[in-house]
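Asker: As input, take model15.tsv (TSV, C-alpha atoms):
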```
chain	number	residue	atom	x	y	z
A	47	MET	CA	-61.50	-118.75	45.66
A	48	ARG	CA	-63.02	-120.15	48.84
A	49	ARG	CA	-61.14	-122.42	51.16
A	50	LYS	CA	-62.49	-125.92	51.37
A	51	LEU	CA	-63.90	-126.97	54.72
A	52	ALA	CA	-62.05	-129.75	56.56
A	53	LEU	CA	-63.03	-130.59	60.14
A	54	ILE	CA	-62.59	-133.41	62.61
A	55	ALA	CA	-65.12	-134.20	65.34
A	56	ARG	CA	-64.09	-136.16	68.43
A	57	ASP	CA	-66.78	-135.32	71.00
A	58	PRO	CA	-70.49	-134.44	71.13
A	59	GLU	CA	-69.80	-130.69	71.00
A	60	ASP	CA	-67.70	-131.11	67.84
A	61	LEU	CA	-70.46	-133.24	66.34
A	62	GLU	CA	-72.97	-130.43	66.98
A	63	VAL	CA	-70.83	-128.17	64.77
A	64	VAL	CA	-70.76	-130.80	62.02
A	65	SER	CA	-74.52	-131.23	62.36
A	66	SER	CA	-75.12	-127.50	61.94
A	67	LEU	CA	-72.90	-127.42	58.85
A	68	LEU	CA	-74.79	-130.33	57.31
A	69	GLN	CA	-78.33	-129.23	58.17
A	70	ASP	CA	-80.36	-129.43	54.94
A	71	ALA	CA	-77.66	-131.38	53.11
A	72	ILE	CA	-79.00	-133.45	50.23
A	73	VAL	CA	-77.92	-137.09	50.30
A	74	GLN	CA	-78.65	-139.83	47.81
A	75	VAL	CA	-79.13	-143.27	49.42
A	76	GLY	CA	-76.64	-144.75	46.94
A	77	GLU	CA	-74.01	-142.29	48.18
A	78	MET	CA	-73.99	-143.84	51.67
A	79	THR	CA	-71.93	-146.90	52.43
A	80	TYR	CA	-70.73	-148.92	55.38
A	81	VAL	CA	-67.38	-150.64	54.96
A	82	GLN	CA	-67.73	-153.21	57.73
A	83	ASP	CA	-64.17	-154.60	57.47
A	84	GLU	CA	-62.78	-151.10	58.09
A	85	GLY	CA	-65.43	-150.02	60.62
A	86	ARG	CA	-66.15	-146.99	58.44
A	87	PHE	CA	-69.37	-145.29	57.35
A	88	VAL	CA	-69.12	-142.73	54.55
A	89	LEU	CA	-71.56	-140.53	52.70
A	90	ILE	CA	-71.35	-137.85	50.03
A	91	ALA	CA	-73.67	-134.88	50.49
A	92	SER	CA	-74.51	-131.61	48.83
A	93	ARG	CA	-74.43	-129.24	51.78
A	94	PHE	CA	-76.00	-125.80	51.88
A	95	ARG	CA	-73.16	-123.41	52.58
A	96	ARG	CA	-74.08	-121.34	55.62
A	97	ASP	CA	-70.62	-119.84	56.06
A	98	PRO	CA	-70.95	-116.57	54.08
A	99	GLU	CA	-68.13	-115.25	51.92
A	100	THR	CA	-67.21	-111.61	52.22
A	101	GLY	CA	-65.42	-109.24	49.90
A	102	GLU	CA	-65.10	-109.71	46.15
A	103	ALA	CA	-65.85	-113.45	46.31
A	104	ALA	CA	-69.27	-112.90	47.93
A	105	SER	CA	-72.33	-114.11	46.04
A	106	PRO	CA	-74.88	-111.50	44.94
A	107	PRO	CA	-77.95	-111.04	47.15
A	108	GLY	CA	-80.46	-113.85	46.72
A	109	VAL	CA	-77.83	-116.29	45.44
A	110	PHE	CA	-76.69	-119.00	47.81
A	111	GLU	CA	-74.26	-121.88	47.45
A	112	ARG	CA	-74.06	-125.64	47.76
A	113	VAL	CA	-70.90	-127.68	47.95
A	114	ASN	CA	-70.24	-131.41	47.72
A	115	CYS	CA	-68.63	-132.87	50.81
A	116	ALA	CA	-67.64	-136.21	52.26
A	117	LEU	CA	-68.66	-137.22	55.77
A	118	ARG	CA	-66.81	-140.12	57.35
A	119	PHE	CA	-67.26	-141.93	60.65
A	120	ASP	CA	-64.59	-144.38	61.78
A	121	ARG	CA	-64.74	-147.00	64.57
A	122	VAL	CA	-68.30	-147.95	63.61
A	123	SER	CA	-69.28	-151.48	64.64
A	124	ALA	CA	-72.79	-151.57	63.15
A	125	VAL	CA	-75.24	-149.55	61.05
A	126	LYS	CA	-79.00	-149.70	61.46
A	127	ARG	CA	-81.63	-148.03	59.32
A	128	ARG	CA	-85.15	-146.92	60.21
A	129	ASN	CA	-87.74	-146.42	57.47
A	130	LEU	CA	-84.99	-146.51	54.87
A	131	ASP	CA	-84.59	-149.09	52.12
A	132	PRO	CA	-80.87	-149.27	51.22
A	133	ALA	CA	-81.81	-150.85	47.87
A	134	ARG	CA	-83.51	-147.62	46.71
A	135	LEU	CA	-80.19	-146.14	45.62
A	136	SER	CA	-81.57	-143.14	43.74
A	137	ARG	CA	-83.76	-141.91	46.60
A	138	VAL	CA	-82.78	-138.42	47.75
A	139	LEU	CA	-82.97	-137.43	51.41
A	140	SER	CA	-82.54	-134.19	53.32
A	141	LEU	CA	-80.32	-134.40	56.41
A	142	LEU	CA	-81.87	-132.56	59.35
A	143	ALA	CA	-79.42	-133.31	62.16
A	144	ILE	CA	-76.71	-135.54	63.55
A	145	ARG	CA	-77.34	-136.56	67.15
A	146	CYS	CA	-75.16	-138.43	69.58
A	147	GLU	CA	-76.38	-140.40	72.59
A	148	GLY	CA	-74.11	-142.88	74.28
A	149	GLU	CA	-72.75	-145.31	71.73
A	150	TYR	CA	-75.27	-144.21	69.07
A	151	ILE	CA	-74.80	-141.57	66.40
A	152	ASP	CA	-78.05	-140.88	64.56
A	153	LEU	CA	-78.23	-139.24	61.15
A	154	VAL	CA	-81.77	-137.90	61.11
A	155	PHE	CA	-83.35	-137.25	57.71
A	156	SER	CA	-86.66	-135.69	56.76
A	157	GLY	CA	-89.56	-138.10	56.29
A	158	ASP	CA	-88.75	-139.95	59.53
A	159	HIS	CA	-85.70	-141.73	58.07
A	160	THR	CA	-82.73	-142.43	60.33
A	161	VAL	CA	-79.35	-144.07	59.94
A	162	ARG	CA	-77.98	-145.16	63.32
A	163	LEU	CA	-74.27	-145.78	63.72
A	164	VAL	CA	-73.05	-147.85	66.64
A	165	ALA	CA	-69.62	-146.60	67.68
A	166	ASP	CA	-67.61	-146.79	70.87
A	167	GLU	CA	-66.26	-143.29	70.26
A	168	ILE	CA	-66.79	-140.32	67.96
A	169	ALA	CA	-64.29	-140.35	65.10
A	170	CYS	CA	-65.77	-138.11	62.41
A	171	ARG	CA	-64.34	-136.08	59.55
A	172	ILE	CA	-65.99	-133.75	57.03
A	173	ASP	CA	-64.21	-132.51	53.91
A	174	ASP	CA	-65.45	-130.33	51.07
A	175	LEU	CA	-64.82	-132.01	47.73
A	176	ASP	CA	-65.23	-129.00	45.44
A	177	SER	CA	-65.54	-125.23	45.52
A	178	GLY	CA	-69.31	-125.21	45.30
A	179	TRP	CA	-71.86	-123.74	42.92
A	180	PRO	CA	-74.56	-121.08	43.09
A	181	THR	CA	-78.19	-121.84	43.82
A	182	ARG	CA	-81.23	-119.63	44.35
A	183	TRP	CA	-82.89	-122.26	46.53
A	184	LYS	CA	-82.54	-121.66	50.27
A	185	PRO	CA	-83.87	-124.26	52.74
A	186	ASP	CA	-86.90	-123.06	54.64
A	187	HIS	CA	-88.05	-124.33	58.01
A	188	PRO	CA	-91.57	-123.26	58.97
A	189	GLU	CA	-92.08	-122.12	62.53
A	190	SER	CA	-93.74	-124.81	64.61
```
Could you quickly redo this structure as structure tokens?
Answerer:
Amino acid sequence: MRRKLALIARDPEDLEVVSSLLQDAIVQVGEMTYVQDEGRFVLIASRFRRDPETGEAASPPGVFERVNCALRFDRVSAVKRRNLDPARLSRVLSLLAIRCEGEYIDLVFSGDHTVRLVADEIACRIDDLDSGWPTRWKPDHPES
């Protein structure tokens, strides 16, 4: 059985690692929430597992894995959305990257959608919620 991922990010370099782990994660708009009273933004995502298993637990060739995970940012003072209607709860997005610039943390999704977090510091945590499941679908990024 695989170990569940649990990481904390406190600086831009840590956040780059989290971003690479969550590239191509599938996120439903209704699975993102900002708890203003707690200064916390949370989302649930189905991440494509890029960390390969070796040995007996390895998946057969051509079979990949996804795993549900929680991503949490604390110390968030505001959340802004670009090209994203928070009322469309069932809309599914693909997370491309997490970028940090000054007091802004941008969650960049395909289709020119962005969630911008305003935070005076990086206080991020990612935790796998289950052991994952097999998939034959592997994200593909055409060369540009």
Asker: In Å to one decimal, how far is atom CA of A:Ala52 from atom CA of A:Ala91?
Answerer: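 Separating atom CA of A:Ala91 from atom CA of A:Ala52 is a distance of 14.1 Å.
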Asker: When you look at A:Leu135 with a cut-off of 9 Å (counting all atoms listed in the file), what residues show up, excluding the ones that are within fewer than 6 positions of it in the same chain? I need them as a list of chain:residue names.
Answerer: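 Using all atoms listed in the file, the neighbours found are A:Gln74, A:Val75, A:Gly76, A:Glu77, A:Met78.
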Asker: For A:Arg171, list every protein, DNA or RNA residue within 10 Å, evaluated using all atoms listed in the file, and leave out those in the same chain fewer than 6 positions away; present the list as number ranges by chain.
Answerer: A: 52-56, 61, 64, 88, 116-120
Asker: Nearest residue to A:Thr160 out of A:Pro180, A:Pro132, A:Gly85, A:Pro58, using only C-alpha atoms?
Answerer: A:Pro132
Asker: If I put a ball of radius 9 Å at (-83.6, -140.6, 56.4) in the file's coordinates, which residues poke into it when counting only C-alpha atoms, written as a PyMOL selection string?
Answerer: chain A and resi 75+127-130+138-142+153-161
Asker: Select, from A:Ala165, A:Leu67, A:Val122, A:Cys115, the residue with the minimum atom-to-atom distance to A:Glu84, counting all atoms listed in the file.
Answerer: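 So, comparing all the options, the nearest one is A:Val122.
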Asker: Mind pulling up the distance from atom CA of A:Ala133 to atom CA of A:Asp176?
Answerer: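 Atom CA of A:Ala133 lies at a distance of 27.5 Å from atom CA of A:Asp176.
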Asker: So how many Å separate atom CA of A:Leu89 and atom CA of A:Asp60, to one decimal?
Answerer: 18.2 Å
Asker: For A:Val113, which of A:Arg134, A:Gly148, A:Asp186, A:Ala71 is the closest residue, counting all atoms listed in the file?
Answerer: A:Ala71
Asker: Give the answer as one residue: which of A:Lys184, A:Lys50, A:Gly178, A:Ser65 has the shortest atom-to-atom distance to A:Ser92, using all atoms listed in the file?
Answerer: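 Answer, going by the shortest atom-to-atom distance: A:Gly178.
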Asker: Which residue, A:Arg182, A:Arg86, A:Arg95, A:Arg112, has the smallest gap to A:Val164 when you use only C-alpha atoms?
Answerer: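 Closest to A:Val164 of all the choices is A:Arg86.
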